[in-house]
Amino acid sequence: MNMRFAAAMGAALLVGCGGGGSNKSTQPPELSGVFKAGNVIGLHYRTPTRDGVTDAMGTFKYLAGESVTFSVGAIELGSAPGAATISPFTLAGLTPPTTETALRRELDRASRTTSPFVRAVNIDRFLLALDADHDPANGIDVRAKSVALANASLDFNLPIASFDSKLDRVAPNLTDNIPRWYPVVHLYRVLGIVVPAHVPVETSTELSSFPGWNTAITYFPDGSRESQESFDGFQGSLYSQSFTYDSLGRRTSSRFVSAPSLSGGFSEIQQSTYGERGTWLRHQWDRDDGSDGSIDFRTTVTFEIGDYNNVLRQQTRSDAGNDGTADSLSDFQITYNDRLNVVRSVSESDLDADGTVDSRATQTFEYDASHRVVSRLSEIDEPADGNADMREVSLFTYDSQGAGALEIYQRDEDVDGAIDYINTRQWNYDGNRLRTLESTETQISDVNGQPLLRLLQTQAYDDDGHVVREDQSQDLDGIAGFDVITRTTYTYTDFGSPLRQVSESDVNADGQVDTVFVTDYVYGAAGDLLSSSGAYTSGVVVLPPMTTSMRFTNTLLADGVLALAQQYFEFSFSAYVDVVTTF
């Protein structure tokens, strides 16, 4: 019995190894996965054994153990081991942050430099831009773009601003004006990730020598900024702002009302109209002086946009009095080369709308073999008689990695051949990380060619693009030696928000610190700003030390992704403008 059993087992093993039988039983089963970026249809996928495009649900096929590569045309989004779900975060090699502090950290970094988080956001922005009907709410259809991108290339590791400028050039008719914060929100929503987060709803400011003020902030149900209003110490409104948006987060209107207690104030309404793919069509700005309900000044801007979302023409019409008659007109036109680089722009202004051009400004650009701008010539001709009245020249050089290394700007203010102003800026990198920026400004006398004013400034950066130190020296009279020397140092929290700023000035350049300005910030456990305090002391002017403090009241949103993303990318300045200590 044992011998017969052994023989049977040997035969079975031979069959299992292909000994005269089929090998189908050894092949791993075909599996299905979903590319999660909002029902992406037409995305090409490739494995060692499978090749196809995703269906309307984003479905792709693979065998167990295989890696899947995704692409549109020649542009590869990335590869990842086959799985039931793959997202742009997967392709970027990152688990999306799910806590407020971690999300703040990534948003802060993404607002200045690059990271795996930025790569994921760029991939999503790319897919949103390719959508055939420019409406991600009903899915993202990229099928029609494969041919247009057959020879294209795109680097998803670029910082978001740089990626934006490259994206529009890869194919025509892409979705335009996608706010930089929107892909973050879109990704989190399609992945079903909710991050509770704190947002400011009220601030109170106290100054040692002046009346304080309060600011109230409101939000729409989705977390987008609705309004911001400030009140003086007597609870009188100083100003208010309110905003509206379209379905992709583009700002469609903003209203600003100034109501100082000592004057009538004014109100301004700005409205933007977009085309089918999100390109600018029209922008209108109305001003009501005195806030009496009647428009006193209206400016309208209309746009002509090319297939690659490039501005071809921008015409501005200003109507003082809003009586229907134009009081001034301007026409701005741009021409491009076959690489979609600007080669020339012309801006003409008819200041009294009498049909005669009163001023003309032109810019011409030259590029190197790598299509990088190497020179820019600007000329202003006023009163548009054909003779330049001011000339500016900028020269650019690059390092071995292709990053901007040096810019030299020179201005001849009366076109007499003598340079009146020079500004040089030099960038220094460690790999792809900016380390220092050195800037020199010199105003030169036309009489003797000697410097009238000099300003030297050096900024040092950390790995995340924060300024950590700034040195500034000023020569205010052109006499040898500097008159004012200032050094400012900045420190940050581990989630990237400012922690302390110390600025020391030597106002007579004698080697002694004369004034010190210090600002400190306090945060909650989740990274929400709770308070700030500033102190100014001076050994030059006999004044008591001045101080200011701010307190922030925050509310917890059940889903704060949109509010945080918009704060870091769209309201990044206004989010901290009230924090900046002012005396």
# chains A, B, ... in the order shown; residues from 1 in each chain; ligands from 1
>>> residues_around(residues="A:Ser445", least_positions_apart="4", cutoff="10 Å", atoms="only C-alpha atoms", output="list in words")
Ala418, Ile419, Asp420, Tyr421, Gly449, Gln450, Pro451, Leu452, Leu453 and Gly478 of chain A
>>> write_last_selection(atoms="N, CA and C atoms", output="compact mmCIF listing (two decimals), in the first residue's frame")
# COMPACT_ATOMS: atom_id res chain seq x y z
N ALA A 418 23.38 105.91 -19.39
CA ALA A 418 23.97 105.69 -18.07
C ALA A 418 22.99 104.91 -17.20
N ILE A 419 23.49 103.87 -16.54
CA ILE A 419 22.63 103.05 -15.68
C ILE A 419 22.34 103.80 -14.39
N ASP A 420 21.05 103.88 -14.03
CA ASP A 420 20.64 104.58 -12.82
C ASP A 420 20.37 103.65 -11.64
N TYR A 421 20.07 102.40 -11.94
CA TYR A 421 19.71 101.47 -10.86
C TYR A 421 20.13 100.07 -11.27
N GLY A 449 27.93 109.38 -11.34
CA GLY A 449 28.01 107.93 -11.46
C GLY A 449 28.30 107.22 -10.17
N GLN A 450 28.16 107.91 -9.03
CA GLN A 450 28.42 107.31 -7.73
C GLN A 450 27.13 106.76 -7.11
N PRO A 451 27.24 105.72 -6.28
CA PRO A 451 26.05 105.18 -5.63
C PRO A 451 25.39 106.20 -4.70
N LEU A 452 24.08 106.31 -4.80
CA LEU A 452 23.31 107.15 -3.89
C LEU A 452 22.75 106.33 -2.73
N LEU A 453 22.40 105.10 -3.05
CA LEU A 453 21.82 104.22 -2.05
C LEU A 453 22.22 102.79 -2.37
N GLY A 478 25.10 107.11 0.26
CA GLY A 478 26.13 106.96 -0.76
C GLY A 478 27.54 107.16 -0.25
>>> residues_around(residues="stretch 553-565 of chain A", least_positions_apart="3", cutoff="7 Å", atoms="only C-alpha atoms", output="PyMOL selection string")
chain A and resi 107+181+184-185+194-203+223-225+568-569
>>> atom_distance(atom1="atom CA of A:Arg298", atom2="atom CA of A:Ala326")
9.4 Å
>>> residues_around(residues="A:Gly386", least_positions_apart="3", cutoff="12 Å", atoms="only C-alpha atoms", output="JSON, numbers by chain")
{"A": [357, 358, 359, 360, 361, 362, 379, 380, 381, 382, 383, 389]}
>>> residues_around(residues="A:Ala460", least_positions_apart="4", cutoff="8 Å", atoms="only C-alpha atoms", output="ChimeraX atom specification")
/A:435-437,467-470
>>> closest_atom_pairs(of="stretch 244-268 of chain A", to="stretch 283-289 of chain A", cutoff="6 Å", atoms="only C-alpha atoms", output="Markdown table")
| residue | atom | partner | partner_atom | distance |
| --- | --- | --- | --- | --- |
| A:Phe266 | CA | A:Asp289 | CA | 4.4 |
| A:Ser267 | CA | A:Asp288 | CA | 5.1 |
| A:Glu268 | CA | A:Arg287 | CA | 4.5 |
>>> write_last_selection(atoms="N, CA and C atoms", output="short mmCIF file (atom, residue, chain, number, x, y, z; two decimals), in the first residue's frame")
data_model
loop_
_atom_site.label_atom_id
_atom_site.label_comp_id
_atom_site.auth_asym_id
_atom_site.auth_seq_id
_atom_site.Cartn_x
_atom_site.Cartn_y
_atom_site.Cartn_z
N PHE A 266 -16.01 103.10 1.68
CA PHE A 266 -16.32 102.71 0.31
C PHE A 266 -16.55 101.20 0.28
N SER A 267 -17.09 100.74 -0.84
CA SER A 267 -17.25 99.31 -1.04
C SER A 267 -16.79 98.96 -2.45
N GLU A 268 -16.22 97.78 -2.59
CA GLU A 268 -15.75 97.30 -3.89
C GLU A 268 -16.26 95.88 -4.10
#
>>> decode(residues="stretch 4-138 of chain A", atoms="C-alpha atoms", output="mmCIF file, in the first residue's frame")
data_model
loop_
_atom_site.group_PDB
_atom_site.id
_atom_site.type_symbol
_atom_site.label_atom_id
_atom_site.label_comp_id
_atom_site.auth_asym_id
_atom_site.auth_seq_id
_atom_site.Cartn_x
_atom_site.Cartn_y
_atom_site.Cartn_z
ATOM 1 C CA ARG A 4 1.288 2.389 -4.484
ATOM 2 C CA PHE A 5 0.615 5.584 -2.540
ATOM 3 C CA ALA A 6 4.131 6.894 -3.219
ATOM 4 C CA ALA A 7 3.785 6.166 -6.926
ATOM 5 C CA ALA A 8 0.454 7.985 -7.049
ATOM 6 C CA MET A 9 1.901 11.009 -5.310
ATOM 7 C CA GLY A 10 4.849 11.084 -7.741
ATOM 8 C CA ALA A 11 2.487 11.050 -10.708
ATOM 9 C CA ALA A 12 0.473 13.867 -9.183
ATOM 10 C CA LEU A 13 3.588 15.951 -8.709
ATOM 11 C CA LEU A 14 4.614 15.402 -12.310
ATOM 12 C CA VAL A 15 1.224 16.573 -13.501
ATOM 13 C CA GLY A 16 1.423 19.630 -11.213
ATOM 14 C CA CYS A 17 4.807 20.553 -12.669
ATOM 15 C CA GLY A 18 3.633 20.317 -16.238
ATOM 16 C CA GLY A 19 4.464 16.686 -16.856
ATOM 17 C CA GLY A 20 2.028 16.199 -19.727
ATOM 18 C CA GLY A 21 -0.743 18.319 -18.111
ATOM 19 C CA SER A 22 -1.946 21.964 -18.405
ATOM 20 C CA ASN A 23 -0.105 24.724 -16.478
ATOM 21 C CA LYS A 24 -3.223 26.849 -15.960
ATOM 22 C CA SER A 25 -3.525 25.800 -12.352
ATOM 23 C CA THR A 26 -0.145 27.358 -11.519
ATOM 24 C CA GLN A 27 -0.981 30.812 -12.898
ATOM 25 C CA PRO A 28 -2.094 33.279 -10.238
ATOM 26 C CA PRO A 29 -5.668 34.454 -10.678
ATOM 27 C CA GLU A 30 -6.470 37.742 -12.426
ATOM 28 C CA LEU A 31 -7.349 40.429 -9.936
ATOM 29 C CA SER A 32 -9.168 43.748 -10.250
ATOM 30 C CA GLY A 33 -8.145 47.020 -8.669
ATOM 31 C CA VAL A 34 -9.485 50.562 -8.735
ATOM 32 C CA PHE A 35 -7.436 53.676 -9.397
ATOM 33 C CA LYS A 36 -8.894 56.080 -6.862
ATOM 34 C CA ALA A 37 -8.837 59.646 -8.118
ATOM 35 C CA GLY A 38 -12.487 60.188 -8.874
ATOM 36 C CA ASN A 39 -13.685 57.562 -11.431
ATOM 37 C CA VAL A 40 -10.890 58.050 -13.949
ATOM 38 C CA ILE A 41 -11.738 56.513 -17.333
ATOM 39 C CA GLY A 42 -9.162 56.026 -20.079
ATOM 40 C CA LEU A 43 -6.068 55.910 -17.860
ATOM 41 C CA HIS A 44 -3.612 53.461 -19.416
ATOM 42 C CA TYR A 45 -2.256 50.706 -17.174
ATOM 43 C CA ARG A 46 0.451 48.139 -17.847
ATOM 44 C CA THR A 47 1.734 45.066 -16.007
ATOM 45 C CA PRO A 48 4.072 42.277 -17.188
ATOM 46 C CA THR A 49 0.981 40.382 -18.405
ATOM 47 C CA ARG A 50 -1.794 42.953 -18.804
ATOM 48 C CA ASP A 51 -2.272 46.087 -20.886
ATOM 49 C CA GLY A 52 -5.394 48.230 -21.035
ATOM 50 C CA VAL A 53 -7.235 51.357 -19.915
ATOM 51 C CA THR A 54 -9.369 51.943 -16.857
ATOM 52 C CA ASP A 55 -13.131 51.805 -17.200
ATOM 53 C CA ALA A 56 -15.651 54.330 -15.914
ATOM 54 C CA MET A 57 -15.034 53.176 -12.342
ATOM 55 C CA GLY A 58 -11.247 53.364 -12.662
ATOM 56 C CA THR A 59 -10.886 49.578 -12.764
ATOM 57 C CA PHE A 60 -7.642 47.918 -13.879
ATOM 58 C CA LYS A 61 -6.505 44.267 -14.080
ATOM 59 C CA TYR A 62 -3.360 42.594 -12.777
ATOM 60 C CA LEU A 63 -2.008 39.302 -11.518
ATOM 61 C CA ALA A 64 -0.986 38.761 -7.917
ATOM 62 C CA GLY A 65 2.574 39.941 -7.330
ATOM 63 C CA GLU A 66 2.683 42.239 -10.362
ATOM 64 C CA SER A 67 3.480 45.931 -10.403
ATOM 65 C CA VAL A 68 1.127 48.290 -12.254
ATOM 66 C CA THR A 69 2.301 51.357 -14.203
ATOM 67 C CA PHE A 70 -0.173 54.128 -15.080
ATOM 68 C CA SER A 71 0.189 56.649 -17.895
ATOM 69 C CA VAL A 72 -1.552 58.979 -20.308
ATOM 70 C CA GLY A 73 0.209 59.087 -23.655
ATOM 71 C CA ALA A 74 3.944 59.237 -22.972
ATOM 72 C CA ILE A 75 3.493 60.716 -19.485
ATOM 73 C CA GLU A 76 3.904 58.138 -16.727
ATOM 74 C CA LEU A 77 2.191 58.863 -13.425
ATOM 75 C CA GLY A 78 4.142 56.170 -11.601
ATOM 76 C CA SER A 79 4.105 52.503 -10.617
ATOM 77 C CA ALA A 80 2.964 50.562 -7.566
ATOM 78 C CA PRO A 81 2.435 46.923 -6.555
ATOM 79 C CA GLY A 82 -0.983 45.726 -7.690
ATOM 80 C CA ALA A 83 -3.646 46.227 -5.035
ATOM 81 C CA ALA A 84 -7.382 46.569 -4.655
ATOM 82 C CA THR A 85 -6.931 50.352 -4.459
ATOM 83 C CA ILE A 86 -4.186 52.543 -5.890
ATOM 84 C CA SER A 87 -4.278 56.333 -5.634
ATOM 85 C CA PRO A 88 -1.945 59.224 -6.494
ATOM 86 C CA PHE A 89 -0.684 58.948 -2.911
ATOM 87 C CA THR A 90 0.243 55.313 -3.581
ATOM 88 C CA LEU A 91 2.187 56.303 -6.697
ATOM 89 C CA ALA A 92 3.975 58.981 -4.658
ATOM 90 C CA GLY A 93 4.961 56.423 -2.009
ATOM 91 C CA LEU A 94 3.118 58.250 0.760
ATOM 92 C CA THR A 95 0.362 57.423 3.203
ATOM 93 C CA PRO A 96 -1.851 60.514 3.218
ATOM 94 C CA PRO A 97 -1.737 62.399 6.529
ATOM 95 C CA THR A 98 -4.908 61.921 8.548
ATOM 96 C CA THR A 99 -4.301 64.162 11.556
ATOM 97 C CA GLU A 100 -4.519 67.924 11.659
ATOM 98 C CA THR A 101 -0.903 68.412 12.687
ATOM 99 C CA ALA A 102 0.419 66.074 9.992
ATOM 100 C CA LEU A 103 -1.758 67.697 7.325
ATOM 101 C CA ARG A 104 -0.602 71.165 8.371
ATOM 102 C CA ARG A 105 2.978 69.966 8.042
ATOM 103 C CA GLU A 106 2.464 68.746 4.478
ATOM 104 C CA LEU A 107 0.464 71.809 3.413
ATOM 105 C CA ASP A 108 3.089 74.146 4.809
ATOM 106 C CA ARG A 109 5.861 72.352 2.922
ATOM 107 C CA ALA A 110 3.757 72.138 -0.252
ATOM 108 C CA SER A 111 3.190 75.904 -0.272
ATOM 109 C CA ARG A 112 6.926 76.508 -0.850
ATOM 110 C CA THR A 113 8.803 73.415 -2.016
ATOM 111 C CA THR A 114 8.326 69.829 -3.196
ATOM 112 C CA SER A 115 7.708 66.499 -1.461
ATOM 113 C CA PRO A 116 5.945 63.146 -2.030
ATOM 114 C CA PHE A 117 2.731 64.909 -0.930
ATOM 115 C CA VAL A 118 3.282 67.490 -3.685
ATOM 116 C CA ARG A 119 3.841 64.710 -6.225
ATOM 117 C CA ALA A 120 0.467 63.182 -5.330
ATOM 118 C CA VAL A 121 -1.236 66.574 -5.585
ATOM 119 C CA ASN A 122 0.410 67.226 -8.966
ATOM 120 C CA ILE A 123 -0.769 63.853 -10.304
ATOM 121 C CA ASP A 124 -4.333 64.675 -9.302
ATOM 122 C CA ARG A 125 -4.063 68.186 -10.778
ATOM 123 C CA PHE A 126 -2.850 66.624 -14.032
ATOM 124 C CA LEU A 127 -5.856 64.298 -14.238
ATOM 125 C CA LEU A 128 -8.284 67.099 -13.361
ATOM 126 C CA ALA A 129 -6.780 69.237 -16.130
ATOM 127 C CA LEU A 130 -7.221 66.432 -18.690
ATOM 128 C CA ASP A 131 -10.912 65.828 -17.951
ATOM 129 C CA ALA A 132 -12.875 66.017 -21.227
ATOM 130 C CA ASP A 133 -15.843 68.016 -19.895
ATOM 131 C CA HIS A 134 -13.860 69.876 -17.193
ATOM 132 C CA ASP A 135 -16.276 68.657 -14.505
ATOM 133 C CA PRO A 136 -14.785 66.076 -12.095
ATOM 134 C CA ALA A 137 -18.138 65.674 -10.351
ATOM 135 C CA ASN A 138 -19.232 63.207 -13.072
#
